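*Asks:* My structure is below; once you've seen it, I'll send some questions.
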Amino acid sequence: MSGRSASAFSALAALMPMLGLSACGYRPLYGGAAAGEKYAVVLASSKIPDAIAADEVLAGVREEFARRGALAAGDGFPHCEVEVLRADEDSDAIAAVPNADGRLIPMSRATRVSIVARAWVVWNPQSPIERDTGDMRAFETVATAADVRAAVFQHDDARRAAGRRVGRILGARILGLPAVSED
């Protein structure tokens with residue numbers, strides 16, 4: 001490098017940190033978290049029988065907050081309350097399969113397992129809720145197993161994976177980031 005281009009390069013390198021401090025003016029559309037805000041994550045209620053899947057929803061919210069530097073320890077205020085609303089299963093692919101008599105009957109080839117949850121922020125015990133995410137859904141598709149015993153484990157794993165993913169969606173939504181429900 002010539003002396004002139006080296007000095008220009010070093011001047012540009014010196015300006016880089018200052019350029020990083022200037023913002024483009026982007027702000028989250030739905031009132032995302034201000035810089036430095038940290039939230040604890042608590043379960044408001046769970047209406048599903050699978051406690052581990054409900055815990056996965058909370059773990060997903062915590063994971064997203066931690067990724068963004070917005071996770072506080074404990075269960076103090078401000079905190080994000082999570083309500084796990086529903087666990088659904090529905091057929092995702094149907095095929096015609098011959099039964100013992102040779103007649104074709106419909107059979108599910110895959111099952112879609114989903115978790116629906118919502119979250120909001122509470123600043124203190126007397127404050128109203130803010131940043132309500134509304135109902136959000138995430139799902140996993142499970143191929144139908146020929147062995148019923150294996151299918152039970154696949155469904156449990158899929159429900160937990162869907163719970164973790166819906167938790168990450170809720171966390172991003174609370175922080176004002178774009179996140180969509182998987183409908």
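By order of appearance in the structure tokens: chains A, B, ..., then residues from 1 within every chain, and ligands from 1 in the order shown.
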Write out as a count of residues only which residues come within 10 Å of Asn124 of chain A when counting only C-alpha atoms, dropping same-chain ones fewer than 5 positions away.
*Replies:* 5
*Asks:* Would you list the contacts of Asp183 of chain A as a list in words, taking every protein, DNA or RNA residue within 10 Å and counting only C-alpha atoms, but skipping same-chain residues closer than 3 positions in sequence?
*Replies:* Ser114, Met136, Arg137, Ala138, Phe139 and Val180 of chain A
*Asks:* Name all residues at most 9 Å from Val97 of chain A (count only C-alpha atoms; drop same-chain ones fewer than 6 positions away) and give them as a PyMOL selection string.
*Replies:* chain A and resi 103-107
*Asks:* May I have the selected residues written with C-alpha atoms, as a tab-separated table (two decimals), in the first residue's frame?
*Replies:*
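Once everything was written out, this is out_34.tsv:
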```tsv
chain	number	residue	atom	x	y	z
A	103	ARG	CA	-61.24	-51.19	0.60
A	104	LEU	CA	-59.50	-47.83	0.42
A	105	ILE	CA	-59.82	-45.76	3.58
A	106	PRO	CA	-58.39	-42.32	4.35
A	107	MET	CA	-55.31	-42.31	6.54
```
*Asks:* Ranking A:Glu182, A:Asp156, A:Glu81, A:Asp88 by minimum distance to Ile169 of chain A and counting only C-alpha atoms, which one comes first?
*Replies:*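 Going through A:Glu182, A:Asp156, A:Glu81, A:Asp88 one by one, the smallest distance to Ile169 of chain A is for A:Glu182.
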*Asks:* Find the residues around Arg68 of chain A up to 9 Å (only C-alpha atoms counted), leave out those fewer than 3 positions away in its own chain, and share them as a list in words.
*Replies:* Glu63, Glu64, Phe65, Leu71, Ala172 and Leu175 of chain A
*Asks:* Keeping only N, CA, C and O atoms, take the residues you just selected and write them out as a short mmCIF file (atom, residue, chain, number, x, y, z; two decimals), in the first residue's frame.
*Replies:*
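Below is the file that was written, out.cif:
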```cif
data_model
loop_
_atom_site.label_atom_id
_atom_site.label_comp_id
_atom_site.auth_asym_id
_atom_site.auth_seq_id
_atom_site.Cartn_x
_atom_site.Cartn_y
_atom_site.Cartn_z
N GLU A 63 -35.06 -17.32 25.67
CA GLU A 63 -34.00 -17.44 24.66
C GLU A 63 -33.96 -16.20 23.76
O GLU A 63 -32.89 -15.67 23.48
N GLU A 64 -35.12 -15.77 23.32
CA GLU A 64 -35.17 -14.58 22.44
C GLU A 64 -34.75 -13.32 23.20
O GLU A 64 -34.01 -12.50 22.67
N PHE A 65 -35.21 -13.17 24.43
CA PHE A 65 -34.79 -12.02 25.24
C PHE A 65 -33.29 -12.04 25.47
O PHE A 65 -32.62 -11.01 25.38
N LEU A 71 -33.04 -9.96 28.80
CA LEU A 71 -33.51 -10.92 29.80
C LEU A 71 -33.03 -10.52 31.18
O LEU A 71 -31.84 -10.30 31.40
N ALA A 172 -39.84 -12.06 20.37
CA ALA A 172 -39.53 -11.07 19.33
C ALA A 172 -40.64 -10.04 19.23
O ALA A 172 -40.39 -8.84 19.11
N LEU A 175 -40.52 -7.47 21.98
CA LEU A 175 -39.42 -6.53 21.78
C LEU A 175 -39.64 -5.60 20.59
O LEU A 175 -38.80 -4.77 20.28
#
```
*Asks:* What separation in Å, quoted to one decimal, exists between atom CA of Asp75 of chain A and atom CA of Ala51 of chain A?
*Replies:*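 Atom CA of Asp75 of chain A sits 18.7 Å away from atom CA of Ala51 of chain A.
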*Asks:* Got a sec: who's within 8 Å of segment 140-142 of chain A, counting only C-alpha atoms, leaving out chain neighbours fewer than 3 positions off, as a list in words?
*Replies:*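 Using only C-alpha atoms, the neighbours found are Asp92, Ala110, Thr111, Arg112, Val113, Ser114, Gln154, His155, Ala158, Arg159, Ala161 and Ala162 of chain A.
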*Asks:* Can you list, as a PyMOL selection string, every residue of segment 16-181 of chain A that DSSP puts in alpha helix (DSSP H)?
*Replies:* chain A and resi 16-21+51-67+148-174
*Asks:* I'd like to know which of A:Gly69, A:Ala59, A:Ile52, A:Ala95 is closest to Gly36 of chain A, using only C-alpha atoms.
*Replies:* A:Gly69
